[in-house]
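Peer 1: This is run17.csv, which holds CSV, C-alpha atoms:
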```csv
chain,number,residue,atom,x,y,z
G,1,MET,CA,0.0,0.0,0.0
G,2,ARG,CA,1.3,3.4,-1.0
G,3,PHE,CA,1.1,6.4,1.3
G,4,SER,CA,0.2,9.8,-0.1
G,5,MET,CA,2.4,12.8,0.6
G,6,LYS,CA,-0.2,14.2,2.9
G,7,THR,CA,-0.3,11.1,5.0
G,8,ALA,CA,3.5,11.1,5.2
G,9,VAL,CA,3.6,14.7,6.5
G,10,PHE,CA,1.0,13.9,9.1
G,11,THR,CA,2.9,10.8,10.2
G,12,LEU,CA,6.1,12.8,10.5
G,13,ILE,CA,4.3,15.5,12.5
G,14,ALA,CA,2.9,12.9,14.8
G,15,LEU,CA,6.3,11.2,15.3
G,16,LEU,CA,8.0,14.6,16.1
G,17,GLY,CA,5.1,16.0,18.0
G,18,ALA,CA,4.8,13.3,20.6
G,19,PRO,CA,8.4,13.7,22.0
G,20,LEU,CA,7.9,17.5,21.8
G,21,ALA,CA,4.7,17.3,23.7
G,22,VAL,CA,6.3,15.1,26.4
G,23,PHE,CA,9.2,17.6,26.6
G,24,LEU,CA,6.9,20.6,27.0
G,25,ALA,CA,4.9,18.7,29.6
G,26,VAL,CA,8.0,18.0,31.6
G,27,ILE,CA,8.9,21.7,31.5
G,28,ALA,CA,5.4,22.6,32.6
G,29,ALA,CA,5.6,20.1,35.5
G,30,ASP,CA,8.9,21.7,36.5
G,31,ARG,CA,7.3,25.2,36.6
G,32,LEU,CA,3.9,24.3,38.0
G,33,VAL,CA,4.4,21.4,40.4
G,34,ILE,CA,8.0,20.9,41.4
G,35,SER,CA,8.5,24.6,42.1
G,36,SER,CA,6.4,24.2,45.2
G,37,LEU,CA,8.5,21.3,46.5
G,38,THR,CA,12.0,22.8,46.3
G,39,ALA,CA,12.6,24.0,49.8
G,40,PRO,CA,14.7,21.6,51.8
G,41,LYS,CA,13.0,20.3,55.0
G,42,ILE,CA,15.6,20.1,57.7
G,43,GLN,CA,14.2,18.2,60.7
G,44,GLY,CA,17.5,17.5,62.4
G,45,THR,CA,20.5,19.9,62.5
G,46,MET,CA,23.3,20.9,60.1
G,47,GLU,CA,26.7,22.3,60.8
G,48,LEU,CA,26.9,24.8,58.1
G,49,ILE,CA,29.5,26.9,60.0
G,50,PHE,CA,29.4,26.3,63.8
G,51,PRO,CA,28.3,23.3,65.9
G,52,PRO,CA,24.5,23.5,66.0
G,53,GLY,CA,23.0,24.7,69.3
G,54,ALA,CA,26.3,26.0,70.6
G,55,GLU,CA,26.4,28.8,73.2
G,56,GLN,CA,29.6,30.8,73.7
G,57,HIS,CA,30.3,33.6,76.1
G,58,PHE,CA,33.2,36.0,75.7
G,59,ARG,CA,34.8,38.6,77.8
G,60,PHE,CA,37.6,40.8,76.6
G,61,MET,CA,39.3,44.0,77.8
G,62,GLU,CA,36.8,46.2,75.8
G,63,PHE,CA,33.6,44.2,75.6
G,64,SER,CA,31.7,41.0,76.4
G,65,TYR,CA,29.1,39.3,74.4
G,66,THR,CA,27.3,36.0,73.8
G,67,ALA,CA,27.0,34.0,70.6
G,68,LEU,CA,24.0,31.6,70.2
G,69,ILE,CA,24.1,29.2,67.3
G,70,ASN,CA,20.9,27.9,65.7
G,71,ARG,CA,20.2,24.3,64.6
G,72,LEU,CA,21.7,25.0,61.1
G,73,GLY,CA,25.0,26.1,62.7
G,74,LEU,CA,24.7,29.8,62.1
G,75,ARG,CA,24.9,32.7,64.5
G,76,GLU,CA,21.2,33.4,64.1
G,77,ARG,CA,17.7,32.7,65.1
G,78,ASP,CA,16.1,29.7,63.6
G,79,LEU,CA,14.6,30.3,60.2
G,80,PRO,CA,10.8,31.1,60.3
G,81,ASN,CA,8.4,28.9,58.4
G,82,ASP,CA,6.7,31.9,56.9
G,83,THR,CA,7.7,31.7,53.2
G,84,SER,CA,6.3,35.1,52.4
G,85,LEU,CA,9.3,36.8,54.1
G,86,PHE,CA,12.0,38.0,51.8
G,87,ARG,CA,15.2,36.3,53.0
G,88,ILE,CA,18.4,38.3,52.9
G,89,ALA,CA,21.6,36.4,53.7
G,90,ALA,CA,24.8,38.1,54.6
G,91,ILE,CA,28.2,36.4,54.0
G,92,GLY,CA,31.4,37.8,55.6
G,93,ASP,CA,34.0,37.6,58.3
G,94,SER,CA,33.9,38.8,62.0
G,95,TYR,CA,32.6,42.3,60.9
G,96,THR,CA,29.4,40.6,59.5
G,97,TYR,CA,29.2,38.0,62.3
G,98,GLY,CA,29.4,40.8,64.8
G,99,TRP,CA,32.5,40.2,66.9
G,100,GLY,CA,32.1,42.0,70.2
G,101,VAL,CA,28.4,42.7,70.0
G,102,ASN,CA,25.2,40.7,70.5
G,103,ALA,CA,23.4,39.5,67.4
G,104,GLU,CA,20.6,42.0,67.7
G,105,ASP,CA,23.2,44.8,67.6
G,106,THR,CA,24.8,43.8,64.3
G,107,TRP,CA,24.5,45.9,61.1
G,108,LEU,CA,22.5,43.1,59.5
G,109,ARG,CA,19.8,43.2,62.1
G,110,GLY,CA,19.8,47.0,61.7
G,111,ILE,CA,19.1,46.6,58.0
G,112,GLU,CA,16.3,44.2,58.9
G,113,ALA,CA,14.8,46.7,61.4
G,114,TYR,CA,15.0,49.5,58.8
G,115,LEU,CA,13.3,47.6,56.0
G,116,LEU,CA,10.6,46.2,58.3
G,117,ASP,CA,9.9,49.8,59.6
G,118,HIS,CA,9.5,50.8,55.9
G,119,GLY,CA,7.0,48.1,55.2
G,120,PHE,CA,9.4,45.5,53.6
G,121,PRO,CA,8.6,42.0,54.9
G,122,VAL,CA,12.2,40.7,55.3
G,123,PHE,CA,14.1,38.3,57.4
G,124,THR,CA,17.9,38.4,57.6
G,125,VAL,CA,20.3,35.4,58.0
G,126,ASN,CA,23.8,36.0,59.4
G,127,MET,CA,26.3,33.7,57.6
G,128,GLY,CA,29.4,35.5,59.0
G,129,LYS,CA,32.4,33.7,60.5
G,130,PRO,CA,35.4,35.3,62.2
G,131,GLY,CA,38.9,34.8,60.7
G,132,THR,CA,37.7,34.0,57.2
G,133,GLY,CA,38.0,35.6,53.8
G,134,PRO,CA,36.7,35.4,50.2
G,135,PRO,CA,37.6,31.7,49.6
G,136,PHE,CA,35.4,30.8,52.6
G,137,TYR,CA,32.7,33.2,51.5
G,138,ALA,CA,32.4,31.3,48.2
G,139,GLU,CA,32.6,27.9,49.9
G,140,ILE,CA,29.8,28.7,52.4
G,141,ALA,CA,27.6,30.2,49.6
G,142,GLU,CA,27.8,26.9,47.6
G,143,LYS,CA,27.1,24.9,50.8
G,144,ALA,CA,24.5,27.0,52.6
G,145,LEU,CA,22.5,28.9,50.0
G,146,PRO,CA,20.5,25.8,48.9
G,147,VAL,CA,19.5,25.4,52.6
G,148,ILE,CA,18.8,29.0,53.4
G,149,HIS,CA,17.2,29.7,50.1
G,150,PRO,CA,17.5,33.6,50.2
G,151,ARG,CA,16.3,36.0,47.6
G,152,LEU,CA,19.2,38.4,48.1
G,153,VAL,CA,22.8,37.8,49.2
G,154,ILE,CA,25.0,40.5,50.7
G,155,VAL,CA,28.7,39.8,50.5
G,156,GLY,CA,30.4,41.9,53.2
G,157,ILE,CA,34.0,42.6,52.0
G,158,LEU,CA,36.2,44.1,54.7
G,159,GLN,CA,38.3,46.9,53.4
G,160,GLY,CA,42.0,46.0,53.0
G,161,ASN,CA,42.0,42.7,54.9
G,162,ASP,CA,39.8,40.7,52.6
G,163,LEU,CA,41.8,41.9,49.5
G,164,ALA,CA,45.0,40.7,51.1
G,165,GLY,CA,43.3,37.5,52.1
G,166,ALA,CA,41.6,36.8,48.7
G,167,GLY,CA,43.3,33.4,48.5
G,168,PRO,CA,45.4,31.8,45.8
G,169,GLU,CA,44.9,32.2,42.1
G,170,VAL,CA,41.7,30.4,41.1
G,171,SER,CA,41.1,29.0,37.7
G,172,LEU,CA,37.4,29.1,37.1
G,173,ALA,CA,36.1,26.9,34.3
G,174,PRO,CA,33.1,28.5,32.6
G,175,ALA,CA,29.8,26.9,33.5
G,176,GLY,CA,29.4,24.1,31.0
G,177,LEU,CA,26.8,24.5,28.2
G,178,ALA,CA,25.0,21.3,29.2
G,179,ASN,CA,24.8,22.5,32.8
G,180,ARG,CA,23.5,26.0,31.8
G,181,VAL,CA,20.9,24.5,29.5
G,182,ALA,CA,19.8,22.0,32.2
G,183,TRP,CA,19.4,24.8,34.8
G,184,ALA,CA,17.6,27.0,32.3
G,185,LEU,CA,15.1,24.3,31.3
G,186,PHE,CA,14.6,22.4,34.6
G,187,PRO,CA,15.7,24.7,37.5
G,188,ASN,CA,13.1,23.5,40.0
G,189,THR,CA,13.7,19.8,39.2
G,190,LEU,CA,17.4,20.2,39.8
G,191,ARG,CA,16.8,22.1,43.0
G,192,TRP,CA,14.4,19.5,44.2
G,193,ILE,CA,16.9,16.7,43.6
G,194,ARG,CA,19.6,18.6,45.4
G,195,ASN,CA,17.4,19.7,48.3
G,196,ALA,CA,16.1,16.2,48.7
G,197,ARG,CA,19.7,15.2,49.4
G,198,ILE,CA,20.1,18.1,51.9
G,199,THR,CA,16.9,16.9,53.6
G,200,ARG,CA,18.4,13.4,54.0
G,201,LEU,CA,21.5,14.9,55.5
G,202,GLY,CA,19.3,16.7,58.1
G,203,GLU,CA,17.5,13.5,58.8
G,204,ALA,CA,20.8,11.7,59.4
G,205,ARG,CA,21.7,14.2,62.2
G,206,ARG,CA,18.6,13.8,64.3
G,207,GLN,CA,20.6,12.0,67.0
G,208,GLU,CA,22.8,14.9,68.3
G,209,MET,CA,25.4,15.3,70.9
G,210,PRO,CA,24.5,17.8,73.7
G,211,PRO,CA,25.0,21.4,72.6
G,212,GLN,CA,28.5,22.9,73.2
G,213,VAL,CA,28.5,25.5,75.9
G,214,SER,CA,31.6,27.5,76.8
G,215,SER,CA,31.7,30.1,79.6
G,216,GLU,CA,33.6,33.4,79.6
G,217,GLU,CA,36.2,31.7,81.8
G,218,ASP,CA,36.5,28.7,79.4
G,219,ASN,CA,37.3,31.1,76.5
G,220,ARG,CA,39.5,33.3,78.6
G,221,ARG,CA,41.7,30.3,79.6
G,222,TRP,CA,41.9,29.1,76.0
G,223,GLN,CA,43.0,32.6,74.9
G,224,GLU,CA,45.5,32.8,77.8
G,225,ASN,CA,47.0,29.5,76.8
G,226,THR,CA,47.2,30.6,73.1
G,227,ALA,CA,48.8,33.9,74.0
G,228,ARG,CA,51.4,32.1,76.1
G,229,ASP,CA,52.1,29.7,73.3
G,230,PHE,CA,52.5,32.5,70.8
G,231,TYR,CA,54.9,34.4,73.2
G,232,GLU,CA,57.1,31.3,73.7
G,233,LYS,CA,57.5,30.9,69.9
G,234,MET,CA,58.3,34.6,69.2
G,235,THR,CA,61.7,35.3,67.9
G,236,ALA,CA,64.0,37.7,69.7
G,237,GLU,CA,63.1,40.4,67.2
G,238,GLU,CA,59.4,39.8,67.6
G,239,LYS,CA,59.7,39.9,71.4
G,240,ALA,CA,61.5,43.2,71.2
G,241,LYS,CA,58.7,44.6,69.0
G,242,PHE,CA,56.1,43.1,71.3
G,243,GLU,CA,57.5,45.3,74.1
G,244,THR,CA,56.6,48.4,72.1
G,245,ILE,CA,52.9,47.5,72.1
G,246,ALA,CA,50.7,49.5,74.5
G,247,PRO,CA,51.2,48.2,78.1
G,248,GLU,CA,47.4,47.7,78.6
G,249,VAL,CA,47.2,45.6,75.5
G,250,ARG,CA,50.2,43.4,76.5
G,251,GLU,CA,48.7,42.9,79.9
G,252,ALA,CA,45.3,41.9,78.5
G,253,PHE,CA,47.1,39.6,76.0
G,254,PHE,CA,48.7,37.6,78.9
G,255,ARG,CA,45.4,37.6,80.9
G,256,GLY,CA,43.5,36.1,77.9
G,257,GLU,CA,41.4,39.2,77.5
G,258,PHE,CA,42.7,40.3,74.1
G,259,ASN,CA,42.6,38.5,70.7
G,260,PRO,CA,46.0,36.7,70.6
G,261,TYR,CA,45.8,36.3,66.8
G,262,MET,CA,45.7,40.1,66.3
G,263,ILE,CA,49.0,40.4,68.2
G,264,ASP,CA,50.5,37.5,66.2
G,265,LEU,CA,49.4,39.2,62.9
G,266,ALA,CA,50.9,42.5,63.9
G,267,LEU,CA,54.2,40.9,64.6
G,268,LYS,CA,54.4,38.8,61.5
G,269,ASN,CA,52.7,41.1,59.0
G,270,PRO,CA,52.8,44.6,60.4
G,271,ARG,CA,52.1,46.2,56.9
G,272,ILE,CA,48.8,44.4,56.4
G,273,TYR,CA,46.9,47.6,56.4
G,274,ILE,CA,49.2,49.4,54.0
G,275,LEU,CA,49.7,46.7,51.3
G,276,PRO,CA,46.1,46.7,49.9
G,277,MET,CA,46.3,50.4,49.1
G,278,ASN,CA,48.6,50.3,46.1
G,279,MET,CA,46.4,49.3,43.2
G,280,GLU,CA,49.4,49.4,40.8
G,281,ASP,CA,51.2,46.6,42.7
G,282,PRO,CA,51.1,43.4,40.6
G,283,TRP,CA,50.4,41.3,43.7
G,284,ILE,CA,47.4,43.5,44.6
G,285,GLN,CA,46.1,43.3,41.1
G,286,GLN,CA,46.3,39.5,41.3
G,287,CYS,CA,44.4,39.7,44.6
G,288,VAL,CA,41.7,41.7,43.0
G,289,LYS,CA,41.4,39.1,40.3
G,290,ASN,CA,41.3,36.3,42.9
G,291,MET,CA,38.6,38.1,44.8
G,292,GLY,CA,36.6,38.6,41.6
G,293,ASN,CA,36.7,34.9,40.9
G,294,GLN,CA,35.5,34.1,44.4
G,295,LEU,CA,32.6,36.5,43.9
G,296,ILE,CA,31.8,34.8,40.6
G,297,ARG,CA,31.5,31.5,42.5
G,298,ILE,CA,29.0,33.2,44.9
G,299,ARG,CA,27.1,34.7,42.0
G,300,ARG,CA,26.7,31.3,40.4
G,301,ALA,CA,25.6,29.6,43.6
G,302,ALA,CA,23.0,32.4,44.1
G,303,GLU,CA,21.8,32.2,40.5
G,304,GLN,CA,20.9,28.6,41.0
G,305,GLU,CA,18.6,29.7,43.9
G,306,GLY,CA,17.1,32.5,41.8
G,307,ALA,CA,18.8,35.0,44.2
G,308,ARG,CA,20.6,38.3,43.5
G,309,VAL,CA,24.0,39.2,44.9
G,310,VAL,CA,25.4,42.6,46.0
G,311,VAL,CA,28.8,43.5,47.4
G,312,LEU,CA,29.1,45.8,50.4
G,313,SER,CA,32.5,47.3,51.3
G,314,ILE,CA,32.6,47.2,55.1
G,315,PRO,CA,34.7,50.1,56.7
G,316,ASP,CA,37.8,49.1,58.7
G,317,GLY,CA,38.7,51.6,61.3
G,318,PRO,CA,42.2,52.7,60.1
G,319,TYR,CA,40.8,53.7,56.7
G,320,VAL,CA,37.9,55.8,58.0
G,321,ASN,CA,38.5,56.8,61.7
G,322,ARG,CA,41.3,58.9,63.2
G,323,HIS,CA,41.1,57.1,66.6
G,324,ALA,CA,41.3,53.6,65.0
G,325,PHE,CA,44.1,54.8,62.8
G,326,GLU,CA,46.2,55.9,65.8
G,327,ALA,CA,45.3,52.7,67.8
G,328,ILE,CA,46.7,50.2,65.3
G,329,ARG,CA,50.2,51.6,65.9
G,330,GLN,CA,49.8,50.9,69.6
G,331,VAL,CA,49.0,47.3,68.8
G,332,GLY,CA,52.1,46.9,66.6
G,333,PHE,CA,50.9,47.6,63.0
G,334,GLU,CA,52.6,50.1,60.7
G,335,THR,CA,50.6,53.0,59.4
G,336,ASP,CA,50.8,55.4,56.5
G,337,ALA,CA,49.1,58.8,56.0
G,338,ASN,CA,47.3,57.6,52.9
G,339,LEU,CA,45.3,55.0,54.9
G,340,MET,CA,42.7,57.6,55.7
G,341,ASN,CA,41.8,57.8,52.0
G,342,ALA,CA,38.8,55.4,52.3
G,343,ARG,CA,38.0,55.8,48.6
G,344,ASN,CA,41.2,54.1,47.8
G,345,ALA,CA,40.5,51.4,50.4
G,346,ASP,CA,37.2,50.7,48.5
G,347,GLU,CA,38.9,50.5,45.1
G,348,GLY,CA,40.0,46.8,45.4
G,349,PRO,CA,36.6,45.5,46.3
G,350,ARG,CA,35.0,47.8,43.8
G,351,ARG,CA,37.1,46.3,41.0
G,352,ALA,CA,36.6,42.8,42.1
G,353,ALA,CA,32.8,43.3,42.1
G,354,ALA,CA,33.0,44.7,38.6
G,355,LEU,CA,34.9,41.6,37.5
G,356,ALA,CA,32.1,39.5,38.8
G,357,GLY,CA,29.4,41.7,37.3
G,358,LEU,CA,27.9,42.5,40.7
G,359,PRO,CA,26.5,45.8,42.1
G,360,PHE,CA,28.9,47.5,44.6
G,361,PHE,CA,27.9,49.6,47.6
G,362,THR,CA,30.1,51.6,50.0
G,363,VAL,CA,29.4,53.7,53.2
G,364,SER,CA,32.9,55.1,53.5
G,365,ASP,CA,31.9,58.7,52.9
G,366,GLY,CA,29.4,58.5,55.7
G,367,PHE,CA,32.0,57.1,58.1
G,368,LEU,CA,34.5,59.7,57.1
G,369,GLN,CA,32.0,62.3,58.3
G,370,HIS,CA,32.4,60.7,61.7
G,371,ALA,CA,36.2,60.3,61.5
G,372,GLU,CA,36.7,62.0,64.9
G,373,ASP,CA,34.1,59.8,66.8
G,374,PRO,CA,36.1,57.6,69.2
G,375,ASP,CA,33.2,55.2,69.8
G,376,LEU,CA,32.5,53.6,66.4
G,377,PHE,CA,35.3,51.0,66.7
G,378,PHE,CA,36.7,49.2,69.8
G,379,ARG,CA,39.9,51.1,70.5
G,380,PHE,CA,42.4,48.4,70.4
G,381,ASP,CA,40.5,45.4,69.1
G,382,GLY,CA,39.4,47.4,66.1
G,383,HIS,CA,36.0,45.8,65.3
G,384,LEU,CA,32.9,47.8,64.9
G,385,SER,CA,31.2,48.6,68.2
G,386,ALA,CA,27.4,48.5,68.5
G,387,LYS,CA,27.4,52.2,67.6
G,388,GLY,CA,29.5,51.5,64.6
G,389,HIS,CA,27.2,48.7,63.5
G,390,ALA,CA,24.2,51.1,63.9
G,391,LEU,CA,25.9,53.7,61.7
G,392,LEU,CA,26.7,51.2,59.0
G,393,ALA,CA,23.1,50.0,58.9
G,394,ALA,CA,21.8,53.6,58.9
G,395,LEU,CA,24.1,54.4,55.9
G,396,PHE,CA,23.5,51.2,53.9
G,397,ALA,CA,19.8,50.5,54.5
G,398,PRO,CA,18.5,53.4,52.3
G,399,GLN,CA,20.8,52.3,49.5
G,400,LEU,CA,19.6,48.8,49.7
G,401,GLU,CA,16.0,49.9,49.8
G,402,GLN,CA,16.5,51.9,46.6
G,403,TYR,CA,18.2,48.8,45.0
G,404,LEU,CA,15.2,46.6,45.9
G,405,LYS,CA,12.8,49.1,44.5
G,406,GLU,CA,14.7,49.8,41.3
G,407,ASN,CA,15.1,46.1,40.5
G,408,ARG,CA,11.5,45.3,41.5
G,409,LEU,CA,12.7,42.7,43.9
G,410,LEU,CA,10.4,43.7,46.7
G,411,GLU,CA,7.8,46.4,47.3
G,412,PRO,CA,6.6,47.6,50.7
G,413,GLY,CA,3.8,45.4,52.0
G,414,LYS,CA,4.5,42.6,49.5
```
Output the structure of this file as structure tokens.
Peer 2:
Amino acid sequence: MRFSMKTAVFTLIALLGAPLAVFLAVIAADRLVISSLTAPKIQGTMELIFPPGAEQHFRFMEFSYTALINRLGLRERDLPNDTSLFRIAAIGDSYTYGWGVNAEDTWLRGIEAYLLDHGFPVFTVNMGKPGTGPPFYAEIAEKALPVIHPRLVIVGILQGNDLAGAGPEVSLAPAGLANRVAWALFPNTLRWIRNARITRLGEARRQEMPPQVSSEEDNRRWQENTARDFYEKMTAEEKAKFETIAPEVREAFFRGEFNPYMIDLALKNPRIYILPMNMEDPWIQQCVKNMGNQLIRIRRAAEQEGARVVVLSIPDGPYVNRHAFEAIRQVGFETDANLMNARNADEGPRRAAALAGLPFFTVSDGFLQHAEDPDLFFRFDGHLSAKGHALLAALFAPQLEQYLKENRLLEPGK
């Protein structure tokens, strides 16, 4: 039996149309059904950064504070079940974590309070960890964003220090074509598969050890022992330089009431504040590139969650405050008159953000207007005080509000 041309065309359409129909149905299912099943359900605990449920109390010569860790291992409250809240996650070091202040006094909570007062239904998640830098920021983004599922990620880059600590050169392979196509076509399916794995990890941790609790005295003794160990290992030259540090700092160092790692850094790398200021230095240029690549990793991790990323340059005292500038010399660091040019301190993070294609924000000009205020930073420790955190929030929150509005990410009351 012979088929007519018309019959052959209809047969071909049928043969091609069936797979196409199945393909379109799968995409539709991804958008309509699986999209509602993507959030991971963590019934147990996870150690994203710190041991879950930990409670730590600290007392130093200039401050005391308590750090409470939630069941996901973050210095935060537990995440609410209310999915209508616009989640904002902040990644950074001790200046984001809030070293020296309680969680409710950090700049991130100040941002949350401002946005809530202006009608934006937001909830902030603190993903900061002391002593870390851009390589860790990228690592925790890849690990934690699928669990936190934020809509916006703020990367807090500390002026100077984070540029010098941008890590080794990173060779980033471009996202593969197959991977990009798969995420473009089936984003919810891939999230669902990944988040199901995260849920299983949470289930596996239901049987937990008792929460870790350390008192002020526990931490003081640990710091005292660390300080003694550092001193015993100092060279003759380092001990001679140690004697030039302010007496009250040296005494607190031996009592376990001053961060021993800050003294160790001052003796081993006294130019740490000066080095990141020279944008023409080949090493600094490589650091900018390295930081940019880490920001690209964060951007990719956020894109898989449908989240935006912005970069915030966090002021470090010696670049924006006269009293902090004078204090670092008393702790053993070298200084230079150009340090107080905060615009230059912002330049490295600004260039790195540009390399990653990310929006960049700074509050340096606002801090420079308060350059003579002695209470924005802890005098010798150098971290932001509660007053400093409040100023940072007051300066950045209106910028962030404008960004949310301009990009139609969130409107008041929605």
Peer 1: Between G:Phe325, G:Trp107, G:Phe254, G:Phe230, which residue has the minimum interatomic distance to Asp381 of chain G, considering only C-alpha atoms?
Peer 2: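 Closest to Asp381 of chain G of all the choices is G:Phe325.
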Peer 1: Hey, which of G:Thr362, G:Asn344, G:Asn81, G:Ser385 ends up closest to Asp105 of chain G? Count all atoms listed in the file.
Peer 2: G:Ser385
Peer 1: One decimal, in Å: what's the spacing between atom CA of Ala345 of chain G and atom CA of Ala301 of chain G?
Peer 2: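 Pair atom CA of Ala345 of chain G / atom CA of Ala301 of chain G returns 27.3 Å.
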Peer 1: Which of these, G:Leu152, G:Leu339, G:Ala393, G:Val311, has the shortest distance to Asn278 of chain G once you count all atoms listed in the file?
Peer 2: G:Leu339
Peer 1: Write out as an NGL selection string which residues come within 10 Å of Ala90 of chain G when counting only C-alpha atoms, dropping same-chain ones fewer than 6 positions away.
Peer 2: :G and (96-97 or 108 or 124-128 or 137 or 141 or 150 or 152-156 or 309-312)
Peer 1: Once you count only C-alpha atoms, which residues end up no further than 12 Å from (23.6, 57.7, 50.7) in the file's frame, shown as an NGL selection string?
Peer 2: :G and (361-367 or 391-403)
Peer 1: (38.4, 45.5, 59.2) in this file's frame - what residues fall within 6 Å of it? Use all atoms listed in the file and give the answer as an NGL selection string.
Peer 2: :G and (158-159 or 316)
Peer 1: Would you output that residue set with C-alpha atoms, as an mmCIF file, keeping the file's coordinate frame?
Peer 2:
```
data_model
loop_
_atom_site.group_PDB
_atom_site.id
_atom_site.type_symbol
_atom_site.label_atom_id
_atom_site.label_comp_id
_atom_site.auth_asym_id
_atom_site.auth_seq_id
_atom_site.Cartn_x
_atom_site.Cartn_y
_atom_site.Cartn_z
ATOM 1 C CA LEU G 158 36.200 44.100 54.700
ATOM 2 C CA GLN G 159 38.300 46.900 53.400
ATOM 3 C CA ASP G 316 37.800 49.100 58.700
#
```
Peer 1: I'd like the interatomic distance between atom CA of Pro211 of chain G and atom CA of Leu72 of chain G, to a tenth of an Å.
Peer 2: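 About the pair atom CA of Pro211 of chain G and atom CA of Leu72 of chain G: they are 12.5 Å apart.
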Peer 1: Applying 12 Å and all atoms listed in the file, which residues near Glu257 of chain G remain after dropping the ones on its own chain fewer than 4 positions away? List them as a PyMOL selection string.
Peer 2: chain G and resi 58-64+216-227+248-253+261+380-381
Peer 1: Looking at all atoms listed in the file, which of G:Met279, G:Cys287, G:Ala337, G:Leu384 is the one that sits closest to Tyr95 of chain G?
Peer 2: G:Leu384
Peer 1: Set out as JSON lines a contact list for segment 340-390 of chain G and segment 160-163 of chain G with a cut-off of 9 Å, giving each residue of segment 340-390 of chain G that qualifies its closest atom pair and distance in Å to one decimal, counting all atoms listed in the file, ordered by chain and rising residue number.
Peer 2:
```
{"residue": "G:Ala345", "atom": "CA", "partner": "G:Gly160", "partner_atom": "CA", "distance": 6.2}
{"residue": "G:Asp346", "atom": "CA", "partner": "G:Gly160", "partner_atom": "CA", "distance": 8.1}
{"residue": "G:Gly348", "atom": "CA", "partner": "G:Leu163", "partner_atom": "CA", "distance": 6.6}
{"residue": "G:Pro349", "atom": "CA", "partner": "G:Leu163", "partner_atom": "CA", "distance": 7.1}
```
